[in-house]
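See below for entry-v7.csv, which holds CSV, C-alpha atoms.
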```
chain,number,residue,atom,x,y,z
A,214,MET,CA,-13.5,6.4,-8.0
A,215,ARG,CA,-10.4,7.2,-10.1
A,216,ARG,CA,-8.6,4.3,-8.6
A,217,SER,CA,-11.4,1.9,-9.5
A,218,LEU,CA,-11.4,3.3,-13.0
A,219,ILE,CA,-7.8,2.3,-13.3
A,220,LEU,CA,-8.4,-1.1,-11.9
A,221,ALA,CA,-11.3,-1.6,-14.3
A,222,GLY,CA,-9.1,-0.4,-17.1
A,223,LEU,CA,-6.6,-3.1,-16.3
A,224,ALA,CA,-9.4,-5.6,-16.6
A,225,VAL,CA,-9.6,-4.7,-20.3
A,226,LEU,CA,-6.5,-7.0,-20.5
A,227,ALA,CA,-8.9,-9.8,-20.6
A,228,VAL,CA,-9.9,-9.1,-24.1
A,229,PRO,CA,-6.8,-10.5,-25.8
A,230,GLY,CA,-7.1,-13.5,-23.5
A,231,LEU,CA,-10.5,-14.3,-25.0
A,232,ALA,CA,-8.9,-14.3,-28.4
A,233,LEU,CA,-6.1,-16.6,-27.2
A,234,ALA,CA,-8.6,-19.0,-25.5
A,235,ALA,CA,-10.5,-19.5,-28.7
A,236,ASP,CA,-7.7,-21.5,-30.4
A,237,ALA,CA,-6.9,-25.0,-29.1
A,238,PRO,CA,-3.5,-24.7,-27.5
A,239,ALA,CA,-0.7,-26.9,-28.9
A,240,GLY,CA,0.3,-27.8,-25.3
A,241,GLY,CA,-2.0,-29.7,-23.1
A,242,SER,CA,-4.8,-28.2,-21.1
A,243,LEU,CA,-7.0,-25.2,-21.6
A,244,VAL,CA,-6.2,-24.0,-18.0
A,245,GLY,CA,-3.5,-21.6,-19.2
A,246,PRO,CA,-5.5,-19.5,-21.7
A,247,TYR,CA,-8.6,-19.5,-19.6
A,248,SER,CA,-6.7,-18.3,-16.5
A,249,VAL,CA,-6.1,-15.1,-18.5
A,250,VAL,CA,-9.8,-14.7,-19.1
A,251,VAL,CA,-10.5,-15.4,-15.4
A,252,ALA,CA,-7.9,-12.8,-14.4
A,253,GLY,CA,-9.7,-10.2,-16.4
A,254,PHE,CA,-13.1,-11.0,-15.1
A,255,ALA,CA,-11.9,-11.3,-11.5
A,256,MET,CA,-10.3,-7.8,-11.7
A,257,ALA,CA,-13.5,-6.4,-13.2
A,258,PHE,CA,-15.6,-7.8,-10.4
A,259,ALA,CA,-13.2,-6.6,-7.8
A,260,ALA,CA,-13.1,-3.1,-9.2
A,261,GLY,CA,-16.8,-2.8,-9.4
A,262,LEU,CA,-17.5,-4.1,-5.9
A,263,CYS,CA,-14.7,-2.1,-4.5
A,264,ALA,CA,-16.2,1.0,-6.1
A,265,LEU,CA,-19.6,0.2,-4.5
A,266,GLY,CA,-18.1,-0.2,-1.1
A,267,GLN,CA,-16.1,2.9,-1.3
A,268,GLY,CA,-19.0,4.9,-2.6
A,269,LYS,CA,-21.0,3.9,0.5
A,270,ALA,CA,-18.2,4.8,2.8
A,271,VAL,CA,-17.7,8.2,1.3
A,272,ALA,CA,-21.4,8.9,1.2
A,273,SER,CA,-21.7,8.2,5.0
A,274,ALA,CA,-18.6,10.2,5.7
A,275,VAL,CA,-19.9,13.2,3.8
A,276,ASP,CA,-23.3,12.9,5.5
A,277,ALA,CA,-21.6,12.9,8.9
A,278,MET,CA,-19.4,15.8,8.0
A,279,ALA,CA,-22.5,17.8,6.9
A,280,ARG,CA,-24.2,17.0,10.2
A,281,GLN,CA,-21.2,18.0,12.4
A,282,PRO,CA,-18.8,20.3,10.6
A,283,GLY,CA,-16.7,20.5,13.7
A,284,ALA,CA,-15.7,16.9,13.6
A,285,ALA,CA,-14.8,17.1,9.9
A,286,ALA,CA,-11.1,16.4,10.3
A,287,ARG,CA,-11.5,13.3,12.4
A,288,ILE,CA,-14.2,12.0,10.1
A,289,GLN,CA,-12.0,12.6,7.1
A,290,THR,CA,-9.2,10.7,8.7
A,291,ALA,CA,-11.5,7.7,9.4
A,292,MET,CA,-12.8,7.9,5.9
A,293,ILE,CA,-9.3,7.8,4.3
A,294,ILE,CA,-8.4,4.8,6.4
A,295,GLY,CA,-11.6,3.1,5.5
A,296,LEU,CA,-11.2,3.8,1.8
A,297,ALA,CA,-7.6,2.4,1.9
A,298,LEU,CA,-8.8,-0.8,3.7
A,299,ILE,CA,-11.6,-1.4,1.2
A,300,GLU,CA,-9.3,-0.7,-1.7
A,301,SER,CA,-6.8,-3.2,-0.4
A,302,LEU,CA,-9.3,-6.0,-1.0
A,303,ALA,CA,-9.3,-5.1,-4.7
A,304,ILE,CA,-5.5,-4.9,-4.6
A,305,TYR,CA,-5.4,-8.5,-3.4
A,306,VAL,CA,-7.4,-9.5,-6.5
A,307,LEU,CA,-5.0,-7.5,-8.6
A,308,VAL,CA,-2.1,-9.4,-7.1
A,309,VAL,CA,-3.8,-12.7,-7.9
A,310,ALA,CA,-4.5,-11.5,-11.5
A,311,MET,CA,-0.9,-10.5,-11.9
A,312,ILE,CA,0.3,-13.9,-10.7
A,313,LEU,CA,-2.1,-15.5,-13.3
A,314,LEU,CA,-1.0,-13.3,-16.1
A,315,PHE,CA,2.7,-12.9,-15.5
A,316,VAL,CA,3.9,-15.8,-13.4
A,317,GLN,CA,1.6,-18.2,-15.2
A,318,PRO,CA,1.8,-21.0,-12.6
A,319,ILE,CA,-0.3,-23.4,-14.7
A,320,LYS,CA,0.3,-23.5,-18.4
B,104,MET,CA,7.2,-9.5,-17.3
B,105,ASP,CA,10.1,-8.8,-19.6
B,106,VAL,CA,8.1,-6.7,-22.0
B,107,ILE,CA,7.3,-4.1,-19.3
B,108,GLU,CA,10.5,-4.4,-17.2
B,109,HIS,CA,13.4,-2.0,-17.8
B,110,PRO,CA,16.7,-2.2,-15.9
B,111,PRO,CA,17.4,0.7,-13.4
B,112,ILE,CA,20.3,3.1,-13.8
B,113,PHE,CA,22.7,1.3,-11.6
B,114,ARG,CA,23.0,-2.2,-10.3
B,115,LEU,CA,25.5,-3.7,-8.0
B,116,PRO,CA,26.7,-7.1,-9.2
B,117,GLY,CA,25.5,-10.0,-7.3
B,118,ILE,CA,23.1,-8.0,-5.1
B,119,PRO,CA,19.3,-7.9,-5.9
B,120,ASP,CA,17.8,-4.6,-7.0
B,121,HIS,CA,15.6,-4.2,-3.9
B,122,VAL,CA,18.5,-4.5,-1.6
B,123,THR,CA,20.6,-2.0,-3.5
B,124,TYR,CA,17.8,0.6,-3.5
B,125,THR,CA,17.0,-0.1,0.2
B,126,TRP,CA,20.6,0.9,0.8
B,127,LEU,CA,20.0,4.0,-1.3
B,128,VAL,CA,17.0,4.9,0.8
B,129,MET,CA,18.9,4.3,4.0
B,130,ILE,CA,21.7,6.6,2.7
B,131,ILE,CA,19.3,9.3,1.8
B,132,LEU,CA,17.5,9.2,5.2
B,133,ALA,CA,20.6,8.9,7.2
B,134,GLY,CA,22.2,11.8,5.3
B,135,LEU,CA,19.2,14.0,5.8
B,136,ALA,CA,19.0,13.2,9.5
B,137,PHE,CA,22.7,13.9,9.9
B,138,ALA,CA,22.4,17.2,8.0
B,139,ALA,CA,19.4,18.2,10.1
B,140,SER,CA,20.9,17.4,13.5
B,141,ARG,CA,24.2,19.2,13.2
B,142,ASN,CA,24.2,22.5,15.2
B,143,VAL,CA,20.9,21.8,16.9
B,144,ALA,CA,19.5,25.2,17.8
B,145,LEU,CA,16.7,25.9,20.3
B,146,VAL,CA,14.9,27.9,17.6
B,147,PRO,CA,15.0,25.6,14.7
B,148,ARG,CA,15.8,26.8,11.2
B,149,GLY,CA,15.9,25.2,7.8
B,150,LEU,CA,16.2,21.4,7.6
B,151,GLN,CA,16.0,20.9,11.4
B,152,ASN,CA,12.7,22.9,11.3
B,153,PHE,CA,11.3,20.7,8.5
B,154,PHE,CA,12.1,17.5,10.3
B,155,GLU,CA,10.7,18.8,13.6
B,156,VAL,CA,7.4,19.5,11.8
B,157,VAL,CA,7.4,16.0,10.4
B,158,LEU,CA,8.1,14.4,13.7
B,159,GLU,CA,5.6,16.5,15.4
B,160,GLN,CA,2.9,15.3,13.0
B,161,PHE,CA,3.9,11.7,13.8
B,162,GLN,CA,3.7,12.5,17.5
B,163,GLN,CA,0.2,14.0,17.1
B,164,LEU,CA,-0.9,10.9,15.2
B,165,ILE,CA,0.4,8.7,18.0
B,166,ASP,CA,-1.3,10.9,20.7
B,167,ASP,CA,-4.6,10.6,18.8
B,168,VAL,CA,-4.4,6.8,18.3
B,169,ILE,CA,-2.4,5.3,21.1
B,170,GLY,CA,-2.4,8.0,23.7
B,171,PRO,CA,0.4,9.7,25.5
B,172,GLU,CA,2.1,6.4,26.6
B,173,GLY,CA,2.6,5.6,23.0
B,174,ARG,CA,5.3,8.3,22.6
B,175,ARG,CA,8.1,5.8,23.4
B,176,TYR,CA,7.2,4.0,20.1
B,177,LEU,CA,7.8,7.2,18.0
B,178,PRO,CA,11.2,6.0,16.7
B,179,LEU,CA,9.7,2.7,15.4
B,180,ILE,CA,6.7,4.3,13.8
B,181,ALA,CA,8.5,7.3,12.3
B,182,THR,CA,11.3,5.1,10.9
B,183,LEU,CA,8.8,2.8,9.3
B,184,GLY,CA,6.8,5.7,7.9
B,185,LEU,CA,9.7,7.6,6.5
B,186,PHE,CA,11.3,4.5,5.1
B,187,ILE,CA,8.2,3.5,3.3
B,188,LEU,CA,7.5,7.0,2.1
B,189,THR,CA,11.0,7.5,0.7
B,190,GLY,CA,10.9,4.0,-0.8
B,191,ASN,CA,7.6,4.7,-2.5
B,192,LEU,CA,8.7,8.1,-3.8
B,193,LEU,CA,12.0,6.7,-5.1
B,194,SER,CA,10.1,4.3,-7.3
B,195,LEU,CA,8.6,7.3,-9.1
B,196,VAL,CA,12.0,8.6,-10.2
B,197,PRO,CA,12.7,7.5,-13.7
B,198,GLY,CA,15.7,5.2,-13.7
B,199,MET,CA,15.3,3.9,-10.2
B,200,ASN,CA,13.6,0.8,-8.9
B,201,GLY,CA,11.9,1.5,-5.7
B,202,PRO,CA,12.4,-1.0,-2.9
B,203,THR,CA,8.8,-1.2,-2.0
B,204,THR,CA,7.9,-2.6,-5.4
B,205,ASN,CA,9.4,-5.8,-4.3
B,206,LEU,CA,7.5,-8.3,-2.1
B,207,ASN,CA,10.6,-8.9,0.0
B,208,THR,CA,10.9,-5.3,1.3
B,209,THR,CA,7.2,-4.9,2.1
B,210,ALA,CA,7.1,-8.4,3.8
B,211,ALA,CA,10.1,-7.3,5.9
B,212,CYS,CA,8.3,-4.1,7.1
B,213,ALA,CA,5.2,-6.1,7.8
B,214,LEU,CA,7.1,-8.7,9.8
B,215,VAL,CA,8.8,-6.0,11.8
B,216,VAL,CA,5.4,-4.6,12.7
B,217,PHE,CA,4.0,-8.1,13.5
B,218,PHE,CA,6.8,-9.0,15.9
B,219,SER,CA,6.9,-5.5,17.4
B,220,TYR,CA,3.4,-5.2,18.5
B,221,HIS,CA,3.3,-8.7,20.0
B,222,TYR,CA,6.6,-7.9,21.8
B,223,ILE,CA,5.2,-4.6,23.0
B,224,GLY,CA,2.0,-6.3,24.2
B,225,VAL,CA,3.9,-9.0,26.0
B,226,ARG,CA,6.3,-6.6,27.6
B,227,THR,CA,3.5,-4.2,28.7
B,228,GLN,CA,1.2,-6.8,30.2
B,229,GLY,CA,3.0,-10.1,30.7
B,230,ALA,CA,2.7,-13.1,28.4
B,231,LEU,CA,-0.2,-14.9,30.1
B,232,THR,CA,-2.3,-11.8,30.5
B,233,TYR,CA,-1.7,-10.8,26.9
B,234,LEU,CA,-2.7,-14.2,25.6
B,235,LYS,CA,-5.8,-14.2,27.9
B,236,HIS,CA,-6.9,-11.0,26.3
B,237,PHE,CA,-6.9,-12.6,22.8
B,238,THR,CA,-10.2,-14.1,23.4
B,239,GLY,CA,-12.2,-11.1,24.5
B,240,PRO,CA,-15.3,-11.0,26.6
B,241,VAL,CA,-17.0,-14.3,25.7
B,242,PRO,CA,-18.2,-17.1,28.0
B,243,LEU,CA,-15.7,-19.7,28.9
B,244,ALA,CA,-17.1,-22.3,26.6
B,245,LEU,CA,-16.4,-20.2,23.5
B,246,LYS,CA,-12.9,-19.1,24.5
B,247,PRO,CA,-11.0,-21.8,22.6
B,248,LEU,CA,-12.9,-21.0,19.4
B,249,MET,CA,-12.3,-17.3,19.8
B,250,PHE,CA,-8.6,-17.9,20.4
B,251,VAL,CA,-8.3,-19.8,17.1
B,252,ILE,CA,-10.2,-17.1,15.2
B,253,GLU,CA,-8.0,-14.4,16.8
B,254,ILE,CA,-4.8,-16.2,15.9
B,255,ILE,CA,-6.0,-16.5,12.2
B,256,SER,CA,-6.9,-12.8,12.2
B,257,HIS,CA,-3.5,-11.9,13.7
B,258,LEU,CA,-1.7,-13.9,11.1
B,259,ALA,CA,-3.7,-12.2,8.4
B,260,ARG,CA,-2.4,-8.8,9.5
B,261,PRO,CA,1.2,-9.0,8.2
B,262,LEU,CA,-0.1,-10.6,5.0
B,263,SER,CA,-2.5,-7.8,4.3
B,264,LEU,CA,0.1,-5.2,5.2
B,265,THR,CA,2.5,-6.7,2.7
B,266,LEU,CA,0.1,-7.2,-0.1
B,267,ARG,CA,-1.5,-3.8,0.3
B,268,LEU,CA,1.7,-1.9,0.0
B,269,PHE,CA,3.1,-4.2,-2.7
B,270,GLY,CA,-0.1,-4.2,-4.8
B,271,ASN,CA,-0.6,-0.5,-4.7
B,272,MET,CA,2.9,0.2,-5.8
B,273,VAL,CA,3.2,-2.5,-8.4
B,274,GLY,CA,-0.3,-1.8,-9.8
B,275,GLY,CA,0.6,1.7,-10.6
B,276,HIS,CA,3.9,0.7,-12.2
B,277,ILE,CA,2.4,-2.0,-14.4
B,278,LEU,CA,-0.2,0.5,-15.6
B,279,LEU,CA,2.4,3.1,-16.4
B,280,ALA,CA,4.6,0.5,-18.1
B,281,ILE,CA,1.8,-0.7,-20.3
B,282,ILE,CA,0.9,2.9,-21.3
B,283,PHE,CA,4.6,3.6,-22.1
B,284,PHE,CA,4.6,0.4,-24.2
B,285,LEU,CA,1.5,1.5,-26.1
B,286,MET,CA,2.8,5.0,-26.5
B,287,GLY,CA,6.5,4.5,-27.1
B,288,LEU,CA,8.6,3.7,-30.1
B,289,GLN,CA,6.8,0.4,-30.7
B,290,GLY,CA,3.4,2.1,-30.3
B,291,LEU,CA,1.8,5.3,-31.1
B,292,ILE,CA,4.8,7.5,-31.3
B,293,GLY,CA,6.6,5.0,-33.4
B,294,TRP,CA,3.7,5.0,-35.8
B,295,ALA,CA,3.7,8.7,-35.8
B,296,LEU,CA,7.4,8.8,-36.8
B,297,SER,CA,7.2,6.0,-39.3
B,298,GLY,CA,6.4,8.3,-42.1
B,299,SER,CA,2.8,7.5,-43.1
B,300,ALA,CA,0.3,10.3,-43.0
B,301,ILE,CA,-2.4,8.5,-41.1
B,302,GLY,CA,0.3,7.4,-38.7
B,303,ALA,CA,1.4,11.0,-38.1
B,304,VAL,CA,-2.1,12.2,-37.4
B,305,VAL,CA,-3.5,9.4,-35.3
B,306,GLY,CA,-0.2,8.5,-33.7
B,307,GLY,CA,0.6,12.1,-33.0
B,308,ILE,CA,-2.8,12.9,-31.4
B,309,GLY,CA,-3.0,9.7,-29.5
B,310,GLY,CA,0.6,10.0,-28.3
B,311,LEU,CA,-0.1,13.6,-27.2
B,312,VAL,CA,-3.2,12.6,-25.3
B,313,MET,CA,-1.4,9.8,-23.6
B,314,ILE,CA,1.5,12.0,-22.6
B,315,VAL,CA,-0.9,14.6,-21.1
B,316,PHE,CA,-2.8,11.8,-19.4
B,317,THR,CA,0.3,10.3,-17.9
B,318,VAL,CA,2.0,13.4,-16.8
B,319,GLY,CA,-1.1,15.3,-15.7
B,320,PHE,CA,-3.1,12.5,-14.1
B,321,LEU,CA,-1.2,9.3,-13.5
B,322,TYR,CA,1.9,10.7,-12.0
B,323,PRO,CA,0.1,12.9,-9.4
B,324,LEU,CA,-2.1,9.9,-8.6
B,325,LYS,CA,1.0,7.8,-8.0
B,326,ILE,CA,2.4,10.4,-5.7
B,327,LEU,CA,-0.8,10.5,-3.8
B,328,VAL,CA,-0.9,6.8,-3.5
B,329,SER,CA,2.7,6.8,-2.3
B,330,PHE,CA,1.9,9.2,0.6
B,331,LEU,CA,-1.4,7.5,1.3
B,332,GLN,CA,0.0,4.0,1.5
B,333,ALA,CA,2.8,5.1,3.8
B,334,PHE,CA,0.2,6.8,6.0
B,335,ILE,CA,-2.1,3.7,6.0
B,336,PHE,CA,0.8,1.5,6.9
B,337,VAL,CA,1.8,3.7,9.8
B,338,MET,CA,-1.8,4.1,10.9
B,339,LEU,CA,-2.4,0.4,11.0
B,340,THR,CA,0.8,-0.1,12.9
B,341,MET,CA,-0.4,2.3,15.5
B,342,LEU,CA,-3.8,0.7,15.7
B,343,TYR,CA,-2.2,-2.7,16.3
B,344,ILE,CA,0.1,-1.3,19.0
B,345,ALA,CA,-2.9,0.4,20.6
B,346,GLY,CA,-4.8,-2.9,20.5
B,347,ALA,CA,-1.9,-4.7,22.1
B,348,ILE,CA,-1.4,-2.3,25.0
B,349,GLU,CA,-5.0,-1.0,25.6
B,350,GLU,CA,-5.9,-4.2,27.5
B,351,ALA,CA,-3.7,-2.9,30.3
B,352,GLU,CA,-6.1,-0.1,31.1
B,353,HIS,CA,-9.1,-2.3,30.5
B,354,HIS,CA,-7.8,-4.9,32.9
B,355,GLY,CA,-6.7,-2.2,35.4
B,356,GLY,CA,-10.1,-0.7,35.3
B,357,GLU,CA,-11.7,-3.9,36.4
B,358,HIS,CA,-9.5,-4.2,39.4
B,359,HIS,CA,-10.4,-0.9,40.9
B,360,PRO,CA,-13.6,-1.2,42.8
B,361,ALA,CA,-16.0,1.6,42.0
B,362,PRO,CA,-16.2,4.0,44.9
B,363,HIS,CA,-19.7,4.0,46.5
```
So, in terms of structure tokens, how does the structure I just supplied come out?
Amino acid sequence: MRRSLILAGLAVLAVPGLALAADAPAGGSLVGPYSVVVAGFAMAFAAGLCALGQGKAVASAVDAMARQPGAAARIQTAMIIGLALIESLAIYVLVVAMILLFVQPIK
Amino acid sequence: MDVIEHPPIFRLPGIPDHVTYTWLVMIILAGLAFAASRNVALVPRGLQNFFEVVLEQFQQLIDDVIGPEGRRYLPLIATLGLFILTGNLLSLVPGMNGPTTNLNTTAACALVVFFSYHYIGVRTQGALTYLKHFTGPVPLALKPLMFVIEIISHLARPLSLTLRLFGNMVGGHILLAIIFFLMGLQGLIGWALSGSAIGAVVGGIGGLVMIVFTVGFLYPLKILVSFLQAFIFVMLTMLYIAGAIEEAEHHGGEHHPAPH
């Protein structure tokens, strides 16, 4: 949950982007400013859905651990691996958002 | 990226940062290994004891995931794990650029894993058998389709390993850099020191809250993420190796007729 909070906090970066997109840019297209907005929204979606998926994973893991306390160590290992794999999907979106914000391939 | 980048403490001229700090990680690990393996005693003490515990943990993981015949891959897995862990932790030291915050280093580790597990699979089973097992237990008509899908999924593995490690490390860094930017001499603390009364109160309290937040919550989280990402990388490597060599037993099981 903490990790998704941080990722959602990064999505607050979209707010200045909305201000930027409101003016007509002196250059050419609106793709550049709107890519900033899109980056913010994409990160917010990814963080929210990642949180839902991880919540489901942790809930099942905790249920299983309560049902069989003897297997708790193995269940915890599987839960940690599952959480990291789910989180990596949100990290892919973070990488795309960083490319849009910092590398700015399309101005 | 210039507003949030700061140069590390030392840079070698003409050599990129991630290469320099990869060498630093290599020097650290080689130095520790050398120091731990002098005067090897039967009852280990000190540094040798510590590294025996670490390697024993790796070996238990390998036994759990691959099985006892995976012990020969302990050097590969432990080297990857310790290199990635040290690289991650080095990026937390102020003044140093960690090697794993650069896409090149993580891509190199992922490519090593990719070629290793295919090589291990081919060497354990033979090239044709290994390729035949890509398709799985589907009827003959669907085998070409499954083969293509398997190839795509195998190609996605090093990509996901790279991006997962890179994204986790760099995400934490960017967050920390933005907080320092908001809180530093151009932000809250600069406002606090600028002389105005409102600045002193708001900037002071805000700066203090951010310092407590960063030191008390973000840094421990980054340490946790460093360990976790190294563990995940190593775990996935072991799962890929297990997937590459497990077909041997599966195939061997089919060839033994069940005793009646």
- Exercise answer, chain B residues close to chain A, 10 Å and only C-alpha atoms, as number ranges by chain: B: 104-105, 167, 263-264, 266-275, 277-278, 281, 320-321, 324, 328, 331-332, 334-336, 338-339
- Coordinates-based distance that separates CA of Phe258 (chain A) from CA of Asn205 (chain B) (Å, one decimal):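 Those two atoms sit 25.8 Å apart.
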- Just the residues within 10 Å of Gly266 (chain A), please, counting all atoms listed in the file, with nothing from its chain fewer than 5 positions along; format it as a ChimeraX atom specification. /A:260-261,271-272,295-296,299-300
- Task: Excluding Glu172 (chain B) and residues on its chain fewer than 6 positions from it, collect all residues at most 10 Å away from it, counting only C-alpha atoms, and give them as a PyMOL selection string.
- Result: chain B and resi 165-166+345+348
Can those selected residues be exported to a file as a PDB file, keeping the file's coordinate frame so that it contains C-alpha atoms?
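Below you can see part-v3.pdb, which holds the result:
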```pdb
ATOM      1  CA  ILE B 165       0.400   8.700  18.000  1.00  0.00           C
ATOM      2  CA  ASP B 166      -1.300  10.900  20.700  1.00  0.00           C
ATOM      3  CA  ALA B 345      -2.900   0.400  20.600  1.00  0.00           C
ATOM      4  CA  ILE B 348      -1.400  -2.300  25.000  1.00  0.00           C
TER       5      ILE B 348
END
```
- Query: CA of Gln317 (chain A) to CA of Ala213 (chain B): how many Å, to one decimal?
  - Reply: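 Computed distance, CA of Gln317 (chain A) to CA of Ala213 (chain B), equals 26.2 Å.
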